[in-house]
Structures are given as structure tokens and as C-alpha cells.
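Have a look at the structure below before the remarks.
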Amino acid sequence: MFLVSYEEAERILRWTREKGAVVEVQFKETSHRLRIDTMYRALDVSGNVVPWTRAFGSLKPADVLNSFTVKRIVVRTKDSVEELSSLKELLARV
């Protein structure tokens with residue numbers, strides 16, 4: 001299993017802020033999703049922002065990425081939408 005460090009999670013956040021991008025991570029074990037744009041946000045199944053603690057409890061963003069199995073990652077930039085299958089692929093992109 002590929003683990004993401006706190007620094008790598010912050011690198012993804014910085015990249016989304018610089019590029020105006022949105023990264024949305026879906027997991028196999030929960031219907032909640034993680035969206036990274038100008039900040040970390042928890043989303044429900046409909047894509048609405050929900051309180052972080054309701055979705056992920058006391059887990060920090062890097063812990064969320066390490067605790068659940070990634071189902072898919074969607075990266076939206078100003079001119080493209082890409083689907084990635086792993087955190088390793090995402091980190092190689094940022």
C-alpha cells in the first residue's frame with residue numbers, strides 16, 4: 001500500500017491553489033469523498049460539502065488518504081479533466 005506523508009498532502013494542496021485545480025478523491029470504504037482545492041473539504045455522495053468530522057472524524061487529510069482505499073481520483077484544471085487511479089499517479093503529476 002502506498003502511503004502519503006503530511007508533506008505530500010500539503011504539496012497537493014499547494015499545487016491546486018497555484019493551478020486553480022480541483023482534486024476529488026473517491027474511496028471504496030466510504031461514500032464520502034475528499035476534495036482538495038483551496039482547502040481540504042469533505043463531500044457527501046451528492047457532492048455537497050459536509051462537516052469534516054461527520055465524514056472523517058478526527059482524521060487529518062493525510063490520514064484520510066492513508067486510511068481508505070482509493071477508488072478513483074478526478075483532477076480538474078482550467079482546460080482539462082483527468083481520471084487517475086492512484087495516489088502515486090497524482091503525486092507524480094504535482
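Lettering and numbering for the C-alpha cells are positional, with chains as A, B, ... in the shown order, residues counted from 1 in each chain, and ligands counted from 1 in the shown order.
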
### Query
Could you name the residues that touch Thr38 in chain A at 12 Å or less, counting only C-alpha atoms, but leaving out those on the same chain fewer than 5 positions away, as a ChimeraX atom specification?
/A:10,12-23

Mind writing the picked residues with C-alpha atoms as a tab-separated table (two decimals), in the first residue's frame?
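In the end it all went to part.tsv:
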chain	number	residue	atom	x	y	z
A	10	GLU	CA	0.37	19.71	1.63
A	12	ILE	CA	-1.07	18.53	-3.43
A	13	LEU	CA	-2.92	21.39	-1.67
A	14	ARG	CA	-0.29	23.97	-2.76
A	15	TRP	CA	-0.45	22.67	-6.35
A	16	THR	CA	-4.26	23.01	-6.50
A	17	ARG	CA	-4.03	26.57	-5.19
A	18	GLU	CA	-1.32	27.54	-7.69
A	19	LYS	CA	-3.06	25.95	-10.70
A	20	GLY	CA	-6.66	26.70	-9.72
A	21	ALA	CA	-7.22	22.95	-9.91
A	22	VAL	CA	-9.64	20.67	-8.05
A	23	VAL	CA	-8.70	17.16	-6.96

Just want the 9 Å neighbourhood of Val75 in chain A, counted on only C-alpha atoms, with same-chain residues fewer than 5 positions away dropped. Output as a PDB file with C-alpha atoms, in the first residue's frame.
ATOM      1  CA  ALA A  21      -7.224  22.952  -9.905  1.00  0.00           C
ATOM      2  CA  VAL A  22      -9.639  20.673  -8.046  1.00  0.00           C
ATOM      3  CA  VAL A  23      -8.701  17.162  -6.958  1.00  0.00           C
ATOM      4  CA  GLU A  24     -11.527  14.871  -5.881  1.00  0.00           C
ATOM      5  CA  VAL A  25     -10.705  11.535  -4.280  1.00  0.00           C
ATOM      6  CA  SER A  80      -8.853  19.523 -18.731  1.00  0.00           C
ATOM      7  CA  VAL A  81     -10.411  16.765 -16.658  1.00  0.00           C
ATOM      8  CA  GLU A  82      -8.325  13.673 -15.946  1.00  0.00           C
ATOM      9  CA  GLU A  83      -9.109  10.475 -14.113  1.00  0.00           C
ATOM     10  CA  LEU A  84      -6.285   8.848 -12.175  1.00  0.00           C
ATOM     11  CA  LEU A  90      -1.396  12.021  -8.523  1.00  0.00           C
TER      12      LEU A  90
END

### Message
If you run DSSP on the backbone here, which positions in chain A get alpha helix (DSSP H)? Please write them as JSON, numbers by chain.
### Response
{"A": [6, 7, 8, 9, 10, 11, 12, 13, 14, 15, 16, 17, 18, 19, 52, 53, 54, 55, 56, 61, 62, 63, 64, 65, 66, 67, 87, 88, 89, 90, 91, 92, 93]}

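Distance annotation: of A:Met1, A:Ala92, A:Val74, A:Ala9, the residue with the minimal separation from Met39 in chain A is A:Ala9; atom set is only C-alpha atoms.
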
### Task
Could you jot down the CA of Lys71 in chain A to CA of Glu89 in chain A separation for me, Å, one decimal place?
13.0 Å

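Across the structure, CA of Arg33 in chain A and CA of Val45 in chain A are spaced 7.4 Å apart.
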
### Query
Which polymer residues have any atom within 8 Å of an atom of range 64-66 of chain A, counting only C-alpha atoms, with same-chain residues fewer than 4 positions away left out, as a list in words?
Phe2, Leu3, Val4, Phe56, Leu59, Lys60 and Val70 of chain A

Would you output that residue set with C-alpha atoms, as a PDB file, in the first residue's frame?
ATOM      1  CA  PHE A   2       1.287   3.455  -0.954  1.00  0.00           C
ATOM      2  CA  LEU A   3       1.310   5.913   1.964  1.00  0.00           C
ATOM      3  CA  VAL A   4       1.143   9.690   1.680  1.00  0.00           C
ATOM      4  CA  PHE A  56     -13.819  11.558   8.551  1.00  0.00           C
ATOM      5  CA  LEU A  59      -8.519  12.083  10.863  1.00  0.00           C
ATOM      6  CA  LYS A  60      -6.191  14.610   9.247  1.00  0.00           C
ATOM      7  CA  VAL A  70      -8.657   4.971  -3.377  1.00  0.00           C
TER       8      VAL A  70
END

#### Entry: Close residues, Thr30 in chain A itself excluded, 9 Å, only C-alpha atoms, min 3 positions apart in chain, as a PyMOL selection string
chain A and resi 26-27+33+55+68

#### Entry: strand (DSSP E) residues, from DSSP on the backbone, in chain A, as number ranges by chain
A: 22-27, 33-36, 40-43, 49-50, 70-76, 81-84

### Task
Name all residues at most 8 Å from Arg41 in chain A (count only C-alpha atoms; drop same-chain ones fewer than 4 positions away) and give them as a list of chain:residue names.
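Counting only C-alpha atoms, the residues come to A:Leu34, A:Arg35, A:Ile36, A:Val49, A:Val50, A:Trp52.
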